[in-house]
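Dumped coords.txt below, it's compact mmCIF, C-alpha atoms (C1' of nucleotides):
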```txt
# COMPACT_ATOMS: atom_id res chain seq x y z
CA MET A 1452 -2.15 -41.01 -79.61
CA VAL A 1453 1.32 -40.76 -78.23
CA GLU A 1454 2.36 -43.61 -80.56
CA ARG A 1455 1.29 -41.57 -83.56
CA LEU A 1456 3.31 -38.65 -82.34
CA LEU A 1457 6.41 -40.74 -81.69
CA GLN A 1458 6.18 -42.15 -85.19
CA ARG A 1459 5.99 -38.69 -86.63
CA ILE A 1460 9.02 -37.54 -84.66
CA ASP A 1461 10.89 -40.68 -85.67
CA ARG A 1462 10.22 -40.02 -89.32
CA GLU A 1463 11.38 -36.45 -88.88
CA ILE A 1464 14.61 -37.59 -87.25
CA LEU A 1465 15.24 -40.10 -90.02
CA ALA A 1466 14.63 -37.46 -92.67
CA ALA A 1467 17.23 -35.30 -90.96
CA GLY A 1468 19.82 -38.06 -91.11
CA GLY A 1469 19.30 -39.46 -87.62
CA LYS A 1470 18.74 -43.06 -86.66
CA ARG A 1471 16.17 -44.89 -84.62
CA SER A 1472 17.09 -45.79 -81.09
CA ARG A 1473 15.43 -47.71 -78.34
CA CYS A 1474 16.69 -45.37 -75.61
CA ARG A 1475 15.43 -42.25 -77.23
CA ALA A 1476 12.05 -43.84 -77.92
CA VAL A 1477 11.67 -44.76 -74.27
CA VAL A 1478 12.66 -41.29 -73.11
CA MET A 1479 10.25 -39.61 -75.51
CA GLU A 1480 7.42 -41.91 -74.55
CA HIS A 1481 7.87 -41.20 -70.85
CA PHE A 1482 8.22 -37.51 -71.55
CA PHE A 1483 4.99 -37.21 -73.49
CA ARG A 1484 3.05 -39.50 -71.16
CA ALA A 1485 4.25 -37.77 -68.01
CA GLY A 1486 2.37 -34.65 -67.02
CA HIS A 1487 4.36 -31.49 -67.32
CA HIS A 1488 7.19 -29.47 -65.87
CA LEU A 1489 9.65 -32.31 -65.44
CA THR A 1490 13.25 -31.76 -64.56
CA VAL A 1491 15.78 -33.93 -66.33
CA GLU A 1492 16.47 -35.67 -63.06
CA GLU A 1493 12.80 -36.49 -62.49
CA LEU A 1494 12.34 -37.78 -66.00
CA THR A 1495 15.51 -39.85 -65.73
CA ARG A 1496 14.19 -41.43 -62.57
CA ASN A 1497 10.91 -42.27 -64.29
CA VAL A 1498 12.58 -43.70 -67.34
CA ARG A 1499 14.92 -45.83 -65.27
CA THR A 1500 11.99 -47.73 -63.75
CA ALA A 1501 11.29 -49.09 -67.23
CA PHE A 1502 14.83 -49.01 -68.60
CA PRO A 1503 17.30 -49.16 -65.74
CA GLY A 1504 20.50 -48.85 -67.72
CA ILE A 1505 19.79 -45.49 -69.31
CA GLY A 1506 22.25 -42.67 -68.78
CA GLY A 1507 21.20 -39.21 -67.74
CA VAL A 1508 23.16 -37.75 -70.62
CA THR A 1509 20.82 -39.40 -73.08
CA VAL A 1510 17.82 -37.85 -71.37
CA TYR A 1511 19.47 -34.44 -71.60
CA ARG A 1512 20.24 -34.98 -75.26
CA THR A 1513 16.78 -36.22 -76.10
CA LEU A 1514 15.06 -33.29 -74.43
CA LYS A 1515 17.37 -30.83 -76.15
CA LEU A 1516 16.57 -32.54 -79.43
CA LEU A 1517 12.82 -32.32 -78.80
CA ALA A 1518 13.23 -28.66 -77.90
CA ARG A 1519 15.16 -27.99 -81.11
CA MET A 1520 12.49 -29.78 -83.11
CA GLY A 1521 9.79 -27.72 -81.44
CA TYR A 1522 8.08 -30.55 -79.56
CA ALA A 1523 9.29 -29.51 -76.11
CA LYS A 1524 9.64 -26.22 -74.31
CA GLU A 1525 12.34 -25.35 -71.81
CA LEU A 1526 11.03 -23.72 -68.64
CA ASP A 1527 12.92 -21.97 -65.92
CA PHE A 1528 11.19 -21.19 -62.66
CA GLY A 1529 14.39 -19.95 -61.09
CA GLU A 1530 15.01 -23.15 -59.18
CA GLY A 1531 18.51 -23.53 -60.54
CA THR A 1532 17.45 -26.38 -62.77
CA ARG A 1533 15.46 -26.41 -65.98
CA ARG A 1534 12.13 -28.03 -66.53
CA TYR A 1535 10.71 -29.33 -69.78
CA GLU A 1536 7.14 -29.61 -70.93
CA SER A 1537 5.50 -30.91 -74.05
CA ASN A 1538 4.81 -28.12 -76.51
CA LEU A 1539 1.69 -29.70 -77.96
CA SER A 1540 -1.03 -28.20 -75.84
CA SER A 1541 -2.02 -24.61 -76.41
CA HIS A 1542 -0.10 -21.74 -74.89
CA HIS A 1543 -0.45 -21.25 -71.20
CA ASP A 1544 1.31 -19.48 -68.36
CA HIS A 1545 2.20 -20.65 -64.88
CA LEU A 1546 1.30 -20.01 -61.28
CA VAL A 1547 4.15 -21.28 -59.13
CA CYS A 1548 3.63 -21.90 -55.42
CA ARG A 1549 6.70 -20.97 -53.44
CA GLU A 1550 5.60 -23.06 -50.48
CA CYS A 1551 5.03 -26.49 -51.96
CA GLY A 1552 6.32 -26.03 -55.50
CA ALA A 1553 2.98 -26.78 -57.12
CA VAL A 1554 2.58 -25.42 -60.63
CA ILE A 1555 -0.83 -24.44 -61.95
CA GLU A 1556 -1.28 -23.73 -65.62
CA PHE A 1557 -3.60 -21.01 -66.74
CA GLN A 1558 -4.53 -19.21 -69.85
CA ASP A 1559 -6.21 -15.90 -70.39
CA PRO A 1560 -6.74 -14.48 -73.85
CA ARG A 1561 -7.09 -10.98 -72.39
CA ILE A 1562 -3.53 -11.08 -71.18
CA GLU A 1563 -2.37 -12.19 -74.60
CA ARG A 1564 -4.26 -9.33 -76.19
CA LEU A 1565 -2.82 -6.76 -73.83
CA GLN A 1566 0.64 -8.02 -74.60
CA GLU A 1567 -0.06 -7.41 -78.24
CA LEU A 1568 -0.96 -3.81 -77.47
CA VAL A 1569 2.11 -3.24 -75.33
CA THR A 1570 4.54 -4.59 -77.88
CA ARG A 1571 2.95 -2.62 -80.67
CA ARG A 1572 3.31 0.56 -78.65
CA HIS A 1573 7.07 -0.05 -78.50
CA GLY A 1574 7.45 -1.07 -82.13
CA PHE A 1575 8.39 -4.49 -80.89
CA ARG A 1576 7.62 -7.65 -82.86
CA PRO A 1577 6.76 -10.33 -80.27
CA ALA A 1578 7.87 -13.91 -80.81
CA ALA A 1579 7.27 -15.51 -77.45
CA HIS A 1580 6.64 -14.55 -73.90
CA ARG A 1581 6.67 -15.99 -70.51
CA LEU A 1582 4.56 -15.03 -67.58
CA GLU A 1583 4.98 -16.61 -64.22
CA ILE A 1584 3.19 -15.58 -61.08
CA TYR A 1585 4.79 -16.66 -57.84
CA GLY A 1586 2.95 -16.87 -54.59
CA CYS A 1587 1.06 -19.19 -52.33
CA CYS A 1588 -1.42 -21.76 -53.65
CA ARG A 1589 -4.86 -22.40 -52.23
CA ASP A 1590 -3.81 -25.42 -50.17
CA CYS A 1591 -0.78 -23.76 -48.63
CA ALA A 1592 -2.68 -20.57 -47.90
CA ALA A 1593 -5.46 -22.59 -46.28
CA GLY A 1594 -3.51 -24.69 -43.87
CA GLY A 1595 -0.72 -27.23 -43.74
CA GLY A 1596 0.62 -26.91 -47.22
CA ARG A 1597 1.62 -30.44 -48.15
CA ALA A 1598 5.21 -30.51 -49.20
CA GLY A 1599 6.67 -32.30 -52.17
CA LYS A 1600 3.68 -32.02 -54.46
CA ARG A 1601 4.65 -30.49 -57.77
CA MET B 977 20.55 11.29 -54.53
CA VAL B 978 22.53 8.11 -54.80
CA GLU B 979 24.71 9.33 -51.91
CA ARG B 980 21.67 9.55 -49.67
CA LEU B 981 20.68 6.04 -50.60
CA LEU B 982 24.16 4.67 -49.99
CA GLN B 983 24.18 6.28 -46.55
CA ARG B 984 20.88 4.71 -45.73
CA ILE B 985 22.08 1.26 -46.79
CA ASP B 986 25.31 1.76 -44.86
CA ARG B 987 23.38 2.58 -41.72
CA GLU B 988 21.24 -0.48 -42.23
CA ILE B 989 24.30 -2.70 -42.61
CA LEU B 990 25.86 -1.23 -39.48
CA ALA B 991 22.67 -1.80 -37.55
CA ALA B 992 22.76 -5.44 -38.64
CA GLY B 993 26.29 -5.87 -37.33
CA GLY B 994 28.15 -5.30 -40.59
CA LYS B 995 31.02 -2.94 -41.19
CA ARG B 996 31.69 -0.20 -43.68
CA SER B 997 33.93 -1.06 -46.58
CA ARG B 998 35.42 0.86 -49.44
CA CYS B 999 34.95 -1.99 -51.91
CA ARG B 1000 31.30 -2.47 -51.18
CA ALA B 1001 30.66 1.25 -51.39
CA VAL B 1002 32.24 1.44 -54.82
CA VAL B 1003 30.28 -1.56 -56.06
CA MET B 1004 27.01 -0.16 -54.76
CA GLU B 1005 27.65 3.23 -56.24
CA HIS B 1006 28.37 1.80 -59.68
CA PHE B 1007 25.37 -0.47 -59.40
CA PHE B 1008 22.90 2.29 -58.60
CA ARG B 1009 24.40 4.72 -61.08
CA ALA B 1010 24.51 2.23 -63.93
CA GLY B 1011 21.29 1.80 -65.81
CA HIS B 1012 19.69 -1.57 -65.33
CA HIS B 1013 19.94 -5.26 -66.13
CA LEU B 1014 23.62 -5.67 -65.40
CA THR B 1015 25.29 -9.03 -65.21
CA VAL B 1016 27.86 -9.49 -62.48
CA GLU B 1017 30.54 -9.63 -65.13
CA GLU B 1018 29.46 -6.33 -66.68
CA LEU B 1019 29.29 -4.60 -63.33
CA THR B 1020 32.66 -5.98 -62.33
CA ARG B 1021 34.16 -4.61 -65.54
CA ASN B 1022 32.65 -1.20 -64.80
CA VAL B 1023 33.81 -1.15 -61.21
CA ARG B 1024 37.33 -2.19 -62.16
CA THR B 1025 37.78 0.94 -64.25
CA ALA B 1026 37.53 2.92 -61.00
CA PHE B 1027 38.90 0.32 -58.63
CA PRO B 1028 41.12 -2.11 -60.53
CA GLY B 1029 41.95 -4.48 -57.72
CA ILE B 1030 38.44 -5.52 -56.88
CA GLY B 1031 37.57 -9.21 -56.97
CA GLY B 1032 34.54 -10.56 -58.74
CA VAL B 1033 33.54 -12.42 -55.60
CA THR B 1034 32.95 -9.13 -53.81
CA VAL B 1035 30.65 -7.96 -56.56
CA TYR B 1036 28.69 -11.20 -56.30
CA ARG B 1037 28.49 -10.85 -52.55
CA THR B 1038 27.47 -7.21 -52.64
CA LEU B 1039 24.68 -7.82 -55.14
CA LYS B 1040 23.41 -10.78 -53.14
CA LEU B 1041 23.45 -8.57 -50.08
CA LEU B 1042 21.51 -5.81 -51.83
CA ALA B 1043 19.02 -8.39 -53.04
CA ARG B 1044 18.57 -9.76 -49.51
CA MET B 1045 18.09 -6.24 -48.22
CA GLY B 1046 15.51 -5.57 -50.90
CA TYR B 1047 17.41 -2.93 -52.83
CA ALA B 1048 18.16 -5.10 -55.83
CA LYS B 1049 16.20 -7.60 -57.85
CA GLU B 1050 17.59 -10.69 -59.51
CA LEU B 1051 16.50 -11.13 -63.10
CA ASP B 1052 16.83 -14.11 -65.34
CA PHE B 1053 16.23 -13.75 -69.05
CA GLY B 1054 17.29 -17.31 -69.72
CA GLU B 1055 20.75 -16.35 -70.91
CA GLY B 1056 22.44 -18.69 -68.51
CA THR B 1057 23.59 -15.80 -66.35
CA ARG B 1058 21.70 -13.62 -63.92
CA ARG B 1059 21.13 -9.92 -64.18
CA TYR B 1060 20.54 -7.46 -61.39
CA GLU B 1061 18.61 -4.25 -61.36
CA SER B 1062 17.92 -1.65 -58.75
CA ASN B 1063 14.63 -2.27 -57.00
CA LEU B 1064 13.86 1.38 -56.40
CA SER B 1065 11.81 2.26 -59.42
CA SER B 1066 8.26 1.04 -59.67
CA HIS B 1067 7.39 -2.41 -60.92
CA HIS B 1068 7.87 -3.00 -64.59
CA ASP B 1069 8.19 -5.88 -67.00
CA HIS B 1070 10.60 -6.46 -69.86
CA LEU B 1071 10.69 -6.67 -73.62
CA VAL B 1072 13.81 -8.56 -74.60
CA CYS B 1073 15.13 -8.38 -78.16
CA ARG B 1074 16.56 -11.70 -79.26
CA GLU B 1075 18.54 -10.07 -82.06
CA CYS B 1076 20.55 -7.40 -80.30
CA GLY B 1077 19.79 -8.16 -76.67
CA ALA B 1078 18.20 -4.78 -76.00
CA VAL B 1079 15.88 -4.68 -73.02
CA ILE B 1080 12.93 -2.30 -72.95
CA GLU B 1081 11.05 -1.79 -69.73
CA PHE B 1082 7.34 -1.31 -69.76
CA GLN B 1083 4.51 -1.13 -67.37
CA ASP B 1084 0.82 -1.62 -67.87
CA PRO B 1085 -1.60 -1.50 -64.98
CA ARG B 1086 -4.16 -3.44 -66.98
CA ILE B 1087 -1.87 -6.44 -67.09
CA GLU B 1088 -1.37 -6.21 -63.34
CA ARG B 1089 -5.11 -6.09 -62.81
CA LEU B 1090 -5.74 -9.09 -65.02
CA GLN B 1091 -3.16 -11.03 -63.11
CA GLU B 1092 -5.06 -10.24 -59.95
CA LEU B 1093 -8.19 -11.72 -61.50
CA VAL B 1094 -6.43 -14.85 -62.71
CA THR B 1095 -4.82 -15.63 -59.38
CA ARG B 1096 -8.05 -15.05 -57.51
CA ARG B 1097 -9.82 -17.50 -59.81
CA HIS B 1098 -7.33 -20.17 -58.76
CA GLY B 1099 -7.39 -19.35 -55.07
CA PHE B 1100 -3.78 -18.30 -55.42
CA ARG B 1101 -2.25 -15.57 -53.30
CA PRO B 1102 0.23 -13.74 -55.57
CA ALA B 1103 3.51 -12.46 -54.18
CA ALA B 1104 5.47 -11.57 -57.28
CA HIS B 1105 5.39 -12.17 -60.96
CA ARG B 1106 7.54 -11.85 -63.94
CA LEU B 1107 6.55 -11.18 -67.47
CA GLU B 1108 9.02 -11.13 -70.29
CA ILE B 1109 8.17 -10.77 -73.92
CA TYR B 1110 10.82 -11.95 -76.34
CA GLY B 1111 10.97 -10.84 -79.91
CA CYS B 1112 12.52 -8.36 -82.24
CA CYS B 1113 12.91 -4.70 -81.35
CA ARG B 1114 12.06 -1.77 -83.60
CA ASP B 1115 15.63 -1.20 -84.77
CA CYS B 1116 16.33 -4.83 -85.55
CA ALA B 1117 13.01 -5.25 -87.31
CA ALA B 1118 13.66 -2.12 -89.36
CA GLY B 1119 17.07 -2.88 -90.70
CA GLY B 1120 20.59 -3.75 -89.62
CA GLY B 1121 20.04 -4.43 -85.98
CA ARG B 1122 23.11 -3.07 -84.24
CA ALA B 1123 24.70 -5.77 -82.18
CA GLY B 1124 25.99 -5.47 -78.63
CA LYS B 1125 23.55 -2.88 -77.44
CA ARG B 1126 21.79 -4.01 -74.30
C1' DG C 362 46.84 0.57 -29.22
C1' DT C 363 44.38 -3.88 -28.44
C1' DT C 364 40.75 -6.90 -29.24
C1' DA C 365 37.11 -8.85 -31.83
C1' DC C 366 34.80 -8.69 -35.18
C1' DT C 367 33.70 -8.35 -40.53
C1' DA C 368 35.24 -7.92 -45.51
C1' DT C 369 38.16 -9.41 -49.10
C1' DG C 370 40.06 -12.23 -52.78
C1' DA C 371 42.46 -16.35 -54.44
C1' DA C 372 41.56 -20.82 -54.79
C1' DA C 373 38.79 -24.68 -54.17
C1' DG C 374 34.20 -26.56 -54.35
C1' DT C 375 29.21 -27.12 -56.32
C1' DG C 376 25.97 -28.51 -59.39
C1' DA C 377 23.62 -28.33 -63.71
C1' DA C 378 24.52 -28.82 -68.35
C1' DT C 379 27.60 -29.99 -72.19
C1' DT C 380 31.35 -32.17 -74.65
C1' DT C 381 34.63 -35.93 -75.54
C1' DC C 382 35.71 -40.34 -76.85
C1' DA C 383 35.69 -45.21 -77.17
C1' DT C 384 32.17 -48.54 -77.87
C1' DG C 385 27.75 -50.26 -79.41
C1' DA C 386 23.49 -49.74 -82.70
C1' DT C 387 21.43 -48.96 -86.93
C1' DC C 388 21.06 -48.25 -91.72
C1' DA C 389 22.27 -48.52 -96.87
C1' DG C 390 24.28 -50.98 -100.51
C1' DG C 391 26.50 -54.48 -102.17
C1' DC D 582 23.77 -61.72 -94.67
C1' DC D 583 28.09 -58.73 -94.51
C1' DT D 584 30.42 -54.58 -94.52
C1' DG D 585 31.28 -49.95 -94.03
C1' DA D 586 29.68 -45.56 -92.72
C1' DT D 587 27.51 -42.97 -89.48
C1' DC D 588 24.70 -42.11 -85.59
C1' DA D 589 23.65 -43.03 -80.55
C1' DT D 590 25.21 -44.05 -76.01
C1' DG D 591 27.23 -43.44 -71.44
C1' DA D 592 31.25 -42.81 -68.36
C1' DA D 593 34.28 -39.46 -67.55
C1' DA D 594 36.02 -35.03 -68.28
C1' DT D 595 34.91 -30.22 -69.09
C1' DT D 596 32.55 -25.89 -68.80
C1' DC D 597 30.37 -22.21 -66.66
C1' DA D 598 28.05 -19.49 -63.27
C1' DC D 599 27.95 -19.22 -58.75
C1' DT D 600 29.22 -20.21 -53.79
C1' DT D 601 32.15 -21.45 -50.05
C1' DT D 602 36.57 -21.69 -47.64
C1' DC D 603 40.33 -19.78 -45.45
C1' DA D 604 44.11 -16.90 -44.51
C1' DT D 605 44.84 -12.06 -44.55
C1' DA D 606 43.50 -7.24 -44.36
C1' DG D 607 40.29 -3.78 -42.76
C1' DT D 608 37.08 -1.65 -39.46
C1' DA D 609 34.85 -0.54 -35.20
C1' DA D 610 34.45 -0.72 -30.11
C1' DC D 611 36.94 -0.62 -25.99
```

Show me the file's structure as structure tokens.
Amino acid sequence: MVERLLQRIDREILAAGGKRSRCRAVVMEHFFRAGHHLTVEELTRNVRTAFPGIGGVTVYRTLKLLARMGYAKELDFGEGTRRYESNLSSHHDHLVCRECGAVIEFQDPRIERLQELVTRRHGFRPAAHRLEIYGCCRDCAAGGGRAGKR
Amino acid sequence: MVERLLQRIDREILAAGGKRSRCRAVVMEHFFRAGHHLTVEELTRNVRTAFPGIGGVTVYRTLKLLARMGYAKELDFGEGTRRYESNLSSHHDHLVCRECGAVIEFQDPRIERLQELVTRRHGFRPAAHRLEIYGCCRDCAAGGGRAGKR
DNA sequence: GTTACTATGAAAGTGAATTTCATGATCAGG
DNA sequence: CCTGATCATGAAATTCACTTTCATAGTAAC
């Protein structure tokens, strides 16, 4: 599943004049296997468990490349550092807990539809949007609020 | 109108142990008089026309102060630099044109209501949200797309 | 005034992200 | 296989927005 995808991306890179590389393959594999919303630092840590020598710069470059190719999306929850997520699943928005940092994905076609209406009213041609709701997740609201989840 | 507001903020600062200052007053006045969505750099440029000597650091500090006091809101349209807007008008969201950088504000109670429903479904207690729709504004879609508007 | 603060701005410091550059891989074609 | 040509890599340097530091100037209370 992920293998198939990596092969496709590899072919695309080759067609564009790029070359295969072990490092990049490892980074991409970890990126697509990992859940979502990874910072570069987190992903670098993960990758290093399997490939200790890898430089953080390469992770940056690989994610930028994936973003340019349309396979990754850059997120910004206002933490001062970017997060990346695979762009393969369908569109969704984010609930971000300000207590523990948990991120819940959600999707609601009614919101999408309303956005259509709003943009049309302003003669605006929508290309993308981002909706983030910040607050307090169920666990944190309930009691302790376990830290360091995400 | 703005004078009244500035007096109120001044009193609040005094009550908190701060002191009056010419610089800060000028920055605040320009901030509240200017439209919206200013970067620190833009506001600094504006302020310098009336008060040439002022340092950018003071503008940063004043905006941070206003944000802490709840009179300003920090925005982030993913440009790599923050924008600030007065927090006095009612809640609204933003249409951001990727061609010319124009920002249109809009408000739709139906979107707010749907967000209520979504968060409740996830046991999430919402505190704030941000919705930005990126695309192409009417002017840019129509023809030339005048640059440097915003 | 005098004292005790706070505000200011130049310069230095942060931290994430990017670029540079010498070195190491990878590919195409002899 | 080699041999170039070119891309990929990573350490170090750079950039850029933003923050902090620190000596000086300003402001308020006495």

Using only C-alpha atoms (C1' of nucleotides), which of the listed residues (B:Leu1019, B:Ile989, B:Ile1030, B:Ala1048) sits closest to DT369 of chain C?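 Of the candidates, the smallest distance to DT369 of chain C is held by B:Ile1030.
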
Just checking: using only C-alpha atoms (C1' of nucleotides), which residue out of A:Leu1514, A:Met1520, A:Val1508, A:Cys1588 ends up closest to chain C?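 The answer is A:Val1508, which sits nearest to chain C.
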
When the cut-off is 9 Å and we count all atoms listed in the file, which residues of chain A are near chain C, given as a PDB file with C-alpha atoms, in the coordinates of the input?
```pdb
ATOM      1  CA  LYS A1470      18.740 -43.060 -86.660  1.00  0.00           C
ATOM      2  CA  ARG A1471      16.170 -44.890 -84.620  1.00  0.00           C
ATOM      3  CA  SER A1472      17.090 -45.790 -81.090  1.00  0.00           C
ATOM      4  CA  TYR A1511      19.470 -34.440 -71.600  1.00  0.00           C
ATOM      5  CA  GLY A1531      18.510 -23.530 -60.540  1.00  0.00           C
ATOM      6  CA  THR A1532      17.450 -26.380 -62.770  1.00  0.00           C
ATOM      7  CA  ARG A1533      15.460 -26.410 -65.980  1.00  0.00           C
TER       8      ARG A1533
END
```

Could you check the closest approach to chain A for each of D:DA594, D:DG607, D:DT602, D:DA589 and tell me which residue wins, using all atoms listed in the file?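 Nearest candidate to chain A out of D:DA594, D:DG607, D:DT602, D:DA589: D:DA589.
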
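Distance-wise, atom CA of Gly1099 of chain B and atom CA of Glu1550 of chain A end up 14.3 Å apart.
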
Separation of atom CA of Phe1053 of chain B from atom CA of Gly1552 of chain A in Å: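 Calculated distance between atom CA of Gly1552 of chain A and atom CA of Phe1053 of chain B is 20.8 Å.
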
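One distance worth recording is that between atom CA of Ser1537 of chain A and atom CA of Arg1549 of chain A, which is 22.9 Å.
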